[in-house]
file run.json (JSON, C-alpha atoms)
[["chain", "number", "residue", "atom", "x", "y", "z"],
["A", 1, "MET", "CA", -96.37, -103.40, -229.32],
["A", 2, "VAL", "CA", -98.21, -104.51, -226.20],
["A", 3, "VAL", "CA", -101.46, -104.56, -228.16],
["A", 4, "ALA", "CA", -99.93, -106.74, -230.87],
["A", 5, "ALA", "CA", -98.53, -109.12, -228.26],
["A", 6, "LEU", "CA", -101.91, -109.43, -226.54],
["A", 7, "LEU", "CA", -103.63, -110.08, -229.86],
["A", 8, "ALA", "CA", -101.08, -112.75, -230.75],
["A", 9, "PHE", "CA", -101.49, -114.37, -227.35],
["A", 10, "GLY", "CA", -105.28, -114.39, -227.68],
["A", 11, "VAL", "CA", -105.24, -115.84, -231.16],
["A", 12, "GLY", "CA", -102.70, -118.46, -230.07],
["A", 13, "MET", "CA", -104.90, -119.53, -227.17],
["A", 14, "GLU", "CA", -107.88, -119.79, -229.49],
["A", 15, "LEU", "CA", -105.84, -121.89, -231.90],
["A", 16, "THR", "CA", -104.90, -124.18, -229.03],
["A", 17, "SER", "CA", -108.56, -124.63, -228.17],
["A", 18, "VAL", "CA", -109.54, -125.38, -231.74],
["A", 19, "VAL", "CA", -106.78, -127.98, -232.16],
["A", 20, "GLY", "CA", -107.67, -129.55, -228.82],
["A", 21, "THR", "CA", -111.32, -129.69, -229.79],
["A", 22, "LEU", "CA", -110.47, -131.41, -233.05],
["A", 23, "VAL", "CA", -108.05, -134.01, -231.65],
["A", 24, "GLY", "CA", -109.63, -134.77, -228.27],
["A", 25, "SER", "CA", -110.49, -138.42, -227.70],
["A", 26, "THR", "CA", -113.86, -138.03, -225.96],
["A", 27, "VAL", "CA", -116.43, -135.28, -225.60],
["A", 28, "TYR", "CA", -115.22, -134.63, -222.06],
["A", 29, "ALA", "CA", -111.62, -134.30, -223.20],
["A", 30, "ARG", "CA", -112.74, -131.88, -225.88],
["A", 31, "LEU", "CA", -114.66, -129.84, -223.33],
["A", 32, "HIS", "CA", -111.43, -129.26, -221.39],
["A", 33, "PHE", "CA", -109.96, -127.48, -224.39],
["A", 34, "THR", "CA", -112.80, -124.96, -224.56],
["A", 35, "GLY", "CA", -111.35, -123.37, -221.41],
["A", 36, "PRO", "CA", -108.64, -121.22, -223.02],
["A", 37, "ALA", "CA", -111.08, -120.08, -225.72],
["A", 38, "SER", "CA", -113.55, -118.80, -223.15],
["A", 39, "THR", "CA", -111.10, -117.31, -220.64],
["A", 40, "PHE", "CA", -107.67, -116.27, -221.91],
["A", 41, "THR", "CA", -108.68, -115.14, -225.39],
["A", 42, "PRO", "CA", -111.52, -112.74, -224.48],
["A", 43, "MET", "CA", -109.43, -111.39, -221.60],
["A", 44, "ALA", "CA", -106.41, -110.71, -223.82],
["A", 45, "LEU", "CA", -108.48, -109.14, -226.59],
["A", 46, "ALA", "CA", -110.44, -106.93, -224.17],
["A", 47, "VAL", "CA", -107.23, -105.68, -222.55],
["A", 48, "ALA", "CA", -105.75, -104.99, -226.00],
["A", 49, "VAL", "CA", -108.78, -102.96, -227.07],
["A", 50, "ALA", "CA", -108.89, -101.16, -223.70],
["A", 51, "ILE", "CA", -105.22, -100.20, -224.01],
["A", 52, "HIS", "CA", -105.61, -99.04, -227.60],
["A", 53, "TYR", "CA", -108.84, -97.07, -227.31],
["A", 54, "GLY", "CA", -108.70, -96.24, -223.59],
["A", 55, "PRO", "CA", -110.34, -98.14, -220.73],
["A", 56, "PHE", "CA", -113.25, -95.72, -220.39],
["A", 57, "SER", "CA", -113.97, -95.31, -224.09],
["A", 58, "GLN", "CA", -117.01, -96.89, -225.71],
["A", 59, "ALA", "CA", -114.83, -99.56, -227.32],
["A", 60, "GLY", "CA", -112.96, -100.34, -224.12],
["A", 61, "ILE", "CA", -116.08, -100.69, -221.98],
["A", 62, "LYS", "CA", -117.95, -102.79, -224.53],
["A", 63, "SER", "CA", -115.01, -105.11, -225.16],
["A", 64, "VAL", "CA", -114.75, -105.68, -221.41],
["A", 65, "ILE", "CA", -118.50, -106.40, -221.31],
["A", 66, "VAL", "CA", -118.07, -108.99, -224.07],
["A", 67, "ALA", "CA", -115.15, -110.59, -222.22],
["A", 68, "VAL", "CA", -117.11, -110.73, -218.96],
["A", 69, "LEU", "CA", -120.08, -112.29, -220.74],
["A", 70, "ILE", "CA", -117.96, -114.99, -222.38],
["A", 71, "ILE", "CA", -115.99, -115.73, -219.22],
["A", 72, "THR", "CA", -119.07, -116.01, -216.99],
["A", 73, "LEU", "CA", -121.35, -117.86, -219.40],
["A", 74, "GLY", "CA", -118.71, -120.29, -220.69],
["A", 75, "PRO", "CA", -118.64, -122.60, -217.64],
["A", 76, "ALA", "CA", -122.44, -122.86, -217.67],
["A", 77, "LEU", "CA", -122.29, -123.92, -221.29],
["A", 78, "VAL", "CA", -119.59, -126.50, -220.56],
["A", 79, "HIS", "CA", -121.72, -127.89, -217.75],
["A", 80, "ALA", "CA", -124.81, -128.12, -219.96],
["A", 81, "THR", "CA", -122.84, -129.83, -222.72],
["A", 82, "ALA", "CA", -121.27, -132.37, -220.36],
["A", 83, "ARG", "CA", -124.66, -133.06, -218.82],
["A", 84, "ALA", "CA", -126.24, -133.63, -222.23],
["A", 85, "ALA", "CA", -123.42, -135.95, -223.27],
["A", 86, "ARG", "CA", -123.70, -137.99, -220.06],
["A", 87, "VAL", "CA", -127.46, -138.32, -220.33],
["A", 88, "ARG", "CA", -127.11, -139.47, -223.93],
["A", 89, "GLU", "CA", -124.51, -142.05, -222.94],
["A", 90, "ARG", "CA", -126.19, -143.49, -219.85],
["A", 91, "GLY", "CA", -129.83, -142.63, -220.36],
["A", 92, "GLN", "CA", -129.93, -140.73, -217.08],
["A", 93, "LEU", "CA", -127.73, -138.26, -215.21],
["A", 94, "GLU", "CA", -126.89, -140.40, -212.17],
["B", 1, "MET", "CA", -102.13, -100.57, -235.44],
["B", 2, "THR", "CA", -105.65, -101.28, -236.63],
["B", 3, "SER", "CA", -104.31, -103.74, -239.20],
["B", 4, "TYR", "CA", -103.28, -105.99, -236.30],
["B", 5, "TYR", "CA", -106.94, -106.32, -235.36],
["B", 6, "LEU", "CA", -107.92, -107.24, -238.90],
["B", 7, "ILE", "CA", -105.11, -109.80, -239.18],
["B", 8, "ALA", "CA", -106.16, -111.35, -235.87],
["B", 9, "ALA", "CA", -109.78, -111.40, -237.05],
["B", 10, "ALA", "CA", -108.77, -113.17, -240.27],
["B", 11, "VAL", "CA", -106.76, -115.79, -238.37],
["B", 12, "LEU", "CA", -109.64, -116.40, -235.98],
["B", 13, "LEU", "CA", -112.12, -116.59, -238.84],
["B", 14, "ALA", "CA", -109.97, -119.21, -240.57],
["B", 15, "GLN", "CA", -110.30, -121.42, -237.50],
["B", 16, "ILE", "CA", -114.07, -121.68, -237.94],
["B", 17, "GLY", "CA", -113.65, -123.77, -241.11],
["B", 18, "PRO", "CA", -112.22, -126.88, -239.42],
["B", 19, "LEU", "CA", -114.83, -126.58, -236.68],
["B", 20, "ILE", "CA", -117.67, -126.54, -239.23],
["B", 21, "VAL", "CA", -116.28, -129.64, -240.98],
["B", 22, "PHE", "CA", -115.81, -131.35, -237.63],
["B", 23, "SER", "CA", -119.30, -130.53, -236.37],
["B", 24, "VAL", "CA", -120.82, -131.94, -239.57],
["B", 25, "ARG", "CA", -118.87, -135.20, -239.45],
["B", 26, "ALA", "CA", -118.69, -135.89, -235.70],
["B", 27, "SER", "CA", -121.32, -137.16, -233.28],
["B", 28, "PRO", "CA", -123.94, -134.65, -232.05],
["B", 29, "GLN", "CA", -122.36, -134.12, -228.65],
["B", 30, "ASP", "CA", -118.91, -133.59, -230.16],
["B", 31, "GLY", "CA", -120.45, -131.20, -232.66],
["B", 32, "LEU", "CA", -121.95, -129.27, -229.79],
["B", 33, "VAL", "CA", -118.47, -128.73, -228.33],
["B", 34, "ALA", "CA", -117.33, -127.38, -231.70],
["B", 35, "LEU", "CA", -120.40, -125.14, -231.74],
["B", 36, "ASN", "CA", -119.44, -123.73, -228.34],
["B", 37, "VAL", "CA", -115.94, -122.85, -229.52],
["B", 38, "GLY", "CA", -117.29, -121.48, -232.79],
["B", 39, "GLY", "CA", -119.68, -119.19, -230.94],
["B", 40, "ASP", "CA", -116.81, -117.73, -228.93],
["B", 41, "ILE", "CA", -114.76, -117.24, -232.07],
["B", 42, "THR", "CA", -117.62, -115.49, -233.87],
["B", 43, "THR", "CA", -118.12, -113.08, -231.00],
["B", 44, "LEU", "CA", -114.41, -112.29, -230.76],
["B", 45, "VAL", "CA", -114.16, -111.79, -234.53],
["B", 46, "LEU", "CA", -116.92, -109.17, -234.26],
["B", 47, "VAL", "CA", -114.96, -107.42, -231.49],
["B", 48, "LEU", "CA", -111.80, -107.42, -233.60],
["B", 49, "LEU", "CA", -113.60, -106.18, -236.72],
["B", 50, "ALA", "CA", -115.20, -103.34, -234.75],
["B", 51, "ALA", "CA", -111.83, -102.40, -233.28],
["B", 52, "GLY", "CA", -110.01, -102.78, -236.59],
["B", 53, "THR", "CA", -112.42, -100.64, -238.57],
["B", 54, "GLY", "CA", -112.72, -98.07, -235.79],
["B", 55, "ARG", "CA", -116.53, -98.18, -235.74],
["B", 56, "GLU", "CA", -117.27, -98.34, -232.06],
["B", 57, "PRO", "CA", -121.07, -98.85, -232.30],
["B", 58, "PHE", "CA", -120.35, -102.20, -233.96],
["B", 59, "PHE", "CA", -119.25, -103.51, -230.57],
["B", 60, "ASP", "CA", -122.96, -103.88, -229.81],
["B", 61, "LEU", "CA", -123.09, -106.71, -232.35],
["B", 62, "ALA", "CA", -120.46, -108.58, -230.38],
["B", 63, "ILE", "CA", -122.42, -108.15, -227.15],
["B", 64, "VAL", "CA", -125.58, -109.48, -228.80],
["B", 65, "SER", "CA", -123.61, -112.35, -230.35],
["B", 66, "ALA", "CA", -122.14, -113.31, -226.96],
["B", 67, "VAL", "CA", -125.59, -113.59, -225.40],
["B", 68, "LEU", "CA", -127.31, -115.27, -228.33],
["B", 69, "SER", "CA", -124.57, -117.83, -228.99],
["B", 70, "PHE", "CA", -124.81, -118.85, -225.34],
["B", 71, "ALA", "CA", -128.60, -119.11, -225.50],
["B", 72, "GLY", "CA", -128.50, -121.04, -228.76],
["B", 73, "SER", "CA", -125.91, -123.54, -227.56],
["B", 74, "LEU", "CA", -127.78, -124.00, -224.29],
["B", 75, "ALA", "CA", -131.04, -124.70, -226.10],
["B", 76, "TYR", "CA", -129.26, -127.16, -228.40],
["B", 77, "ALA", "CA", -127.76, -128.92, -225.36],
["B", 78, "ARG", "CA", -131.18, -129.30, -223.78],
["B", 79, "PHE", "CA", -132.67, -130.69, -226.99],
["B", 80, "LEU", "CA", -129.70, -133.04, -227.32],
["B", 81, "GLU", "CA", -130.29, -134.28, -223.80],
["B", 82, "ARG", "CA", -133.98, -135.03, -224.26],
["B", 83, "TRP", "CA", -135.10, -135.42, -227.83],
["B", 84, "LEU", "CA", -132.37, -135.51, -230.44]]

call {"tool": "encode", "arguments": {"input": "run.json", "output": "structure tokens"}}
result
Amino acid sequence: MVVAALLAFGVGMELTSVVGTLVGSTVYARLHFTGPASTFTPMALAVAVAIHYGPFSQAGIKSVIVAVLIITLGPALVHATARAARVRERGQLE
Amino acid sequence: MTSYYLIAAAVLLAQIGPLIVFSVRASPQDGLVALNVGGDITTLVLVLLAAGTGREPFFDLAIVSAVLSFAGSLAYARFLERWL
């Protein structure tokens, strides 16, 4: 039951991100909505897999690795995207 | 229990469709945002499929997808900034 709730929470957060990405007014507003997709969802899914298969099983460890990768690399990607959008708009970063 | 993973994977996979349509029709920088979200979704779908089918070595695909989707989106952002 806990696993199903975590999966539903993760999918719901991802759905929120997708809707926010589609309806955002500017590229910067859309970037805000990538947050739940790169934090809450991988965390919830990794915890669900770790509970189901065991935290020290192959599945549990690898799902946690995937979640850590997405959570740590996501902000760098958001920064690079915002930087590219600003340079395209203004011709320079400053 | 494993059917929950497959249902969640199907729901996540269905969310890629609107993102593909959006990234085709929107401006390049908006499409890049959709690409970022789509990369996360693809990686998480691979995790859910591996968990749902019970084939634990398939989790390696999700790890590779997490790294490569980041690298691909980063390269696209740099090209968008300079040349595209």

call {"tool": "closest_atom_pairs", "arguments": {"input": "run.json", "of": "region 2-62 of chain B", "to": "region 11-19 of chain A", "cutoff": "8 Å", "atoms": "only C-alpha atoms", "output": "JSON lines"}}
result
{"residue": "B:Ala8", "atom": "CA", "partner": "A:Val11", "partner_atom": "CA", "distance": 6.6}
{"residue": "B:Val11", "atom": "CA", "partner": "A:Val11", "partner_atom": "CA", "distance": 7.4}
{"residue": "B:Leu12", "atom": "CA", "partner": "A:Val11", "partner_atom": "CA", "distance": 6.6}
{"residue": "B:Gln15", "atom": "CA", "partner": "A:Val18", "partner_atom": "CA", "distance": 7.0}
{"residue": "B:Leu19", "atom": "CA", "partner": "A:Val18", "partner_atom": "CA", "distance": 7.3}
{"residue": "B:Val37", "atom": "CA", "partner": "A:Val18", "partner_atom": "CA", "distance": 7.2}
{"residue": "B:Ile41", "atom": "CA", "partner": "A:Glu14", "partner_atom": "CA", "distance": 7.8}

call {"tool": "write_last_selection", "arguments": {"input": "run.json", "atoms": "C-alpha atoms", "output": "mmCIF file, in the frame of the given file"}}
result
data_model
loop_
_atom_site.group_PDB
_atom_site.id
_atom_site.type_symbol
_atom_site.label_atom_id
_atom_site.label_comp_id
_atom_site.auth_asym_id
_atom_site.auth_seq_id
_atom_site.Cartn_x
_atom_site.Cartn_y
_atom_site.Cartn_z
ATOM 1 C CA ALA B 8 -106.160 -111.350 -235.870
ATOM 2 C CA VAL B 11 -106.760 -115.790 -238.370
ATOM 3 C CA LEU B 12 -109.640 -116.400 -235.980
ATOM 4 C CA GLN B 15 -110.300 -121.420 -237.500
ATOM 5 C CA LEU B 19 -114.830 -126.580 -236.680
ATOM 6 C CA VAL B 37 -115.940 -122.850 -229.520
ATOM 7 C CA ILE B 41 -114.760 -117.240 -232.070
#

call {"tool": "atom_distance", "arguments": {"input": "run.json", "atom1": "CA of Val47 (chain B)", "atom2": "CA of Ser38 (chain A)"}}
result
14.2 Å

call {"tool": "interface_residues", "arguments": {"input": "run.json", "of": "chain A", "to": "chain B", "cutoff": "6 Å", "atoms": "only C-alpha atoms", "output": "ChimeraX atom specification"}}
result
/A:27,59,66,81,84-85

call {"tool": "atom_distance", "arguments": {"input": "run.json", "atom1": "CA of Leu31 (chain A)", "atom2": "CA of Val78 (chain A)"}}
result
6.6 Å

call {"tool": "closest_residue", "arguments": {"input": "run.json", "among": "B:Leu35, B:Leu6, B:Arg25, B:Leu46", "to": "Thr34 (chain A)", "atoms": "only C-alpha atoms"}}
result
B:Leu35

call {"tool": "atom_distance", "arguments": {"input": "run.json", "atom1": "CA of Ala67 (chain A)", "atom2": "CA of Pro42 (chain A)"}}
result
4.8 Å

call {"tool": "closest_residue", "arguments": {"input": "run.json", "among": "A:Ala48, A:Ala76, A:Val23, A:Val2", "to": "Gly35 (chain A)", "atoms": "only C-alpha atoms"}}
result
A:Ala76

call {"tool": "closest_residue", "arguments": {"input": "run.json", "among": "A:Val3, A:Ala37, A:Gln58, A:Ala8", "to": "Pro75 (chain A)", "atoms": "all atoms listed in the file"}}
result
A:Ala37

call {"tool": "closest_residue", "arguments": {"input": "run.json", "among": "A:Leu45, A:Ile71, A:Leu77, A:Ile51", "to": "Leu49 (chain B)", "atoms": "all atoms listed in the file"}}
result
A:Leu45
